[in-house]
Structure formats: C-alpha cells, structure tokens
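*Asks:* I'd like to ask you about the structure that follows.
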Amino acid sequence: MIRNLGTEDGLQGEGPARRVRLFQGEGLLAALGILGFVLAAVCVVWMLLYGGEVAPNGDVSKAASFNAALGIFLLSTAAVLPLSAMSIRGKAIFRWSYVILSLYSYFAENVQNMRGMNPRFAEGGTAFDIAVAAGFGLVAMLLIVFYCVLAVAFFRSRSYQLRPELVLAIRYAMVAVLLSFAAGIWLSITESRLTGGNGNIIWLHGLGFHAIQAVPLVAWLSERTRLRPQDRRKWVHVAGIAYTIGLLEVGWQTWIGGAMLELSPLPLLALFFFLLSIGAGCYMLWQSVIGGKSSEVSSPSLGHEV
C-alpha cells in the first residue's frame with residue numbers, strides 16, 4: 001500500500017507545466033471537513049439544551065471542539081493533497097482511508113460523549129464501549145501512519161516543482177503536524193492532557209496542527225507579490241523556521257511541566273517566534289497589496305496561481 005501511495009503511475013501530466021490548484025479533485029475530503037463544523041454546531045445546540053457534561057463520563061463540549069478541530073484539519077489536508085504529486089491511485093488510497101477513519105472518529109467522539117462515555121477510555125463500560133475505545137486507538141494510529149506517507153510525498157522534487165513556495169511551506173507544516181501527532185500519542189499514554197506540575201499537552205497538540213494553515217498562507221500570499229522567487233522562498237523559510245522553533249519551545253515547556261501562560265523564558269520565546277512567523281505573513285500580505293497584481297502577471301513563466 002505504501003509503495004502504491006508513492007508511485008508515479010497515473011499522474012497523467014501532473015507536473016510543472018500543468019498548474020495544480022488547491023483543493024483540486026478533493027471535494028469529498030473538503031465536504032468531510034465541513035461535516036465537522038456541522039457536527040460541532042449540533043453539539044453546541046445540545047449544550048444549550050442539556051448542558052455539556054453527560055453522566056457518568058461524557059462531555060459534549062469536548063466533542064464539539066474535536067469536531068471543529070478535525071474539520072479544520074480535513075479541510076487543510078484537502079487543500080494541500082493535490083500538491084503532493086502522488087499518483088491518482090495513491091491519492092485515492094489516502095483519500096478513502098481518511099474518509100473511513102474520519103467517519104469513525106466522528107461517530108465515536110459524538111455518540112460516546114452523548115451516551116455519557118469517554119470515547120477513548122471505557123472504564124466501567126459495556127462490551128460495546130470497550131470495542132469503540134479500542135477501535136478509536138487503532139484509528140488514531142492509522143491516521144498517523146497514512147499522514148506520514150503523505151508527508152514524505154511533499155519532500156520529493158516532483159512535488160516541489162508544482163508550486164515551489166507552497167510546497168516548501170507545506171514541508172514545514174508537515175513537520176509540525178507530526179509533532180502534533182507525537183503529542184497525541186503522549187496524551188494517550190498519560191490518559192490526560194495535564195503533565196507535570198502545570199503542563200498541558202493540548203497546547204503542543206493544537207498549535208502543531210494549525211501550522212498547516214499558518215505557514216502555507218504565507219507562501220500563498222508570496223505567490224501574489226512581485227518579489228523574486230528566491231526572495232519569496234526566503235520569507236517562507238522565515239515563517240516556517242520561526243513557527244517550528246516556537247512549537248519546539250512549547251513542547252519543551254510542556255515536557256518540564258510548566259504552564260504556557262506564565263512569564264518565563266520558554267513561553268516568551270515561543271511567543272516571540274510565533275509573532276515572527278506572523279510578521280513574515282504580514283509582510284507578504286503588504287507586498288501583495290503594494291504589488292498591484294499577482295506574480296503570475298508580472299512573471300508569466302512561473303504559472304503558480306490558485
């Protein structure tokens with residue numbers, strides 16, 4: 001399966017000469033991401049009517065945040081998947097695997113919390129609850145495995161040639177996402193988001209996933225500037241490296257059991273690097289505005305437009 005995901009068969013002309021757009025051919029994954037927001041809205045209505053906690057161990061507020069987070073993640077993945085340069089077969093395997101695994105995740109998170117059960121740890125539950133929790137653990141590991149295969153695809157030259165700035169940004173984002181998955185495994189092992197004295201693993205888990213929106217946005221804006229390609233890539237490097245260092249600072253602070261909202265060196269350093277990454281994005285936005293027109297118009301040979 002992994003070999004099929006990486007093969008070149010069936011690309012049918014996907015290459016530098018053919019413009020590849022965000023979300024191209026990934027309507028199903030995008031729709032699944034939108035489903036997450038619909039389910040989050042349903043959970044909010046439930047909370048307004050009945051409250052968040054459901055005895056003995058359910059919490060619909062956690063299901064709401066999970067739905068929204070998974071929805072954002074699936075939408076982001078649908079956006080970047082066309083730039084992976086995987087074969088048609090490879091993308092189909094990844095797509096349908098994620099469809100099945102995500103549908104199970106939606107099912108387990110929502111149904112179990114509304115039944116009053118923790119979807120991951122079924123202490124005192126029925127055989128059904130134990131089976132759902134065991135399945136959730138397996139699904140989580142498969143989500144990581146398939147995403148690792150996708151991440152590797154972005155580090156191939158065939159992917160980079162499609163849209164260099166965007167793929168460069170996605171490479172940084174993939175590193176951050178893998179750190180988030182590691183934090184998720186950490187959560188599962190400890191069976192709690194809290195660690196040490198005041199550490200909260202959810203900071204690392206959440207911020208890592210948001211890299212797949214934040215860093216590629218800088219690259220997308222850079223494509224709309226009149227800057228030279230090497231200058232655009234320089235600012236993508238600034239955004240990606242700064243975001244990654246900030247994330248590592250968050251991980252270090254969490255590892256030693258420190259709170260992220262305290263005035264100590266590691267949280268302040270993390271804030272500095274995240275602001276630096278945001279600053280790179282603001283500069284690209286400014287350059288795109290003052291440029292007056294997209295980089296495709298000023299440099300037709302680039303051909304990198306959504």
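Labeling convention for the structure tokens: chains A, B, ... as they appear, residues from 1 per chain, ligands from 1 in order of appearance.
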Report as a short mmCIF file (atom, residue, chain, number, x, y, z; two decimals) with C-alpha atoms, in the first residue's frame all protein, DNA and RNA residues lying within 12 Å of Trp286 in chain A, evaluated on only C-alpha atoms, omitting residues in the same chain fewer than 2 positions from it.
*Replies:*
```cif
data_model
loop_
_atom_site.label_atom_id
_atom_site.label_comp_id
_atom_site.auth_asym_id
_atom_site.auth_seq_id
_atom_site.Cartn_x
_atom_site.Cartn_y
_atom_site.Cartn_z
CA VAL A 218 2.43 32.92 3.94
CA LEU A 221 0.47 35.34 -0.25
CA SER A 222 4.06 35.32 -1.52
CA ARG A 224 0.89 37.18 -5.27
CA THR A 225 3.87 39.50 -4.85
CA ARG A 226 6.36 40.86 -7.36
CA LEU A 227 9.27 39.58 -5.31
CA GLY A 279 5.23 39.04 10.85
CA ALA A 280 6.50 37.24 7.76
CA GLY A 281 2.90 36.67 6.72
CA CYS A 282 2.02 40.32 7.30
CA TYR A 283 4.99 41.38 5.16
CA MET A 284 3.88 39.09 2.33
CA SER A 288 0.94 41.52 -2.38
CA VAL A 289 -1.14 44.67 -1.86
CA ILE A 290 1.50 47.16 -3.00
CA GLY A 291 2.46 44.92 -5.92
CA GLY A 292 -0.87 45.77 -7.55
#
```
*Asks:* So the first atom is CA of Gly208 in chain A and the second is CA of Leu138 in chain A; what is the distance between them in Å, to one decimal place?
*Replies:*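 The value is 21.5 Å.
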*Asks:* As a tab-separated table (two decimals) with N, CA, C and O atoms, in the first residue's frame, please: the residues near Ala122 in chain A (cut-off 9 Å, only C-alpha atoms, same-chain neighbours under 4 positions excluded).
*Replies:*
```
chain	number	residue	atom	x	y	z
A	57	ASN	N	-19.33	9.79	32.28
A	57	ASN	CA	-18.02	10.27	31.84
A	57	ASN	C	-18.05	11.05	30.53
A	57	ASN	O	-16.99	11.30	29.95
A	117	MET	N	-20.12	8.38	27.86
A	117	MET	CA	-18.91	7.57	27.94
A	117	MET	C	-17.72	8.31	27.33
A	117	MET	O	-17.87	9.07	26.37
A	118	ASN	N	-16.56	8.09	27.92
A	118	ASN	CA	-15.32	8.60	27.32
A	118	ASN	C	-15.02	7.73	26.11
A	118	ASN	O	-14.89	6.51	26.23
A	126	THR	N	-19.65	-0.98	28.79
A	126	THR	CA	-20.10	-2.26	28.25
A	126	THR	C	-19.09	-2.78	27.24
A	126	THR	O	-18.10	-2.11	26.92
A	129	ASP	N	-18.72	-0.29	24.49
A	129	ASP	CA	-17.87	0.84	24.82
A	129	ASP	C	-16.39	0.46	24.73
A	129	ASP	O	-15.56	1.25	24.25
A	130	ILE	N	-16.06	-0.71	25.19
A	130	ILE	CA	-14.68	-1.18	25.13
A	130	ILE	C	-14.23	-1.34	23.68
A	130	ILE	O	-13.12	-0.97	23.30
A	131	ALA	N	-15.13	-1.89	22.84
A	131	ALA	CA	-14.80	-2.08	21.42
A	131	ALA	C	-14.61	-0.73	20.72
A	131	ALA	O	-13.68	-0.57	19.92
A	132	VAL	N	-15.47	0.24	21.03
A	132	VAL	CA	-15.34	1.56	20.41
A	132	VAL	C	-14.03	2.21	20.82
A	132	VAL	O	-13.32	2.80	19.99
A	133	ALA	N	-13.68	2.13	22.10
A	133	ALA	CA	-12.43	2.72	22.58
A	133	ALA	C	-11.22	2.06	21.93
A	133	ALA	O	-10.27	2.74	21.52
A	134	ALA	N	-11.25	0.72	21.82
A	134	ALA	CA	-10.14	0.02	21.17
A	134	ALA	C	-10.04	0.41	19.71
A	134	ALA	O	-8.94	0.63	19.18
```
*Asks:* Quick one, how far is CA of Leu101 in chain A from CA of Leu75 in chain A?
*Replies:* 15.0 Å
*Asks:* Per DSSP on the backbone, filter range 160-227 of chain A down to the residues in helix (DSSP H, G or I) and report them as number ranges by chain.
*Replies:* A: 160, 164-190, 201-222
*Asks:* Could you list, as a ChimeraX atom specification, every residue within 6 Å of range 241-255 of chain A, counting only C-alpha atoms and ignoring same-chain residues fewer than 4 positions away?
*Replies:* /A:199,204,237,266,270,273-274,277
*Asks:* Skipping near chain neighbours, those fewer than 3 positions away, what residues fall within 6 Å of Asn67 in chain A using only C-alpha atoms, listed as an MDAnalysis selection string?
*Replies:* chainID A and resid 36 40 64 70:71
*Asks:* May I ask for the distance between CA of Ala151 in chain A and CA of Ser188 in chain A, given in Å to one decimal place?
*Replies:*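 If I compute the distance from CA of Ala151 in chain A to CA of Ser188 in chain A, I get 22.4 Å.
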*Asks:* Just list as a ChimeraX atom specification whatever in range 72-268 of chain A DSSP marks as strand (DSSP E).
*Replies:* /A:194-195,199-200
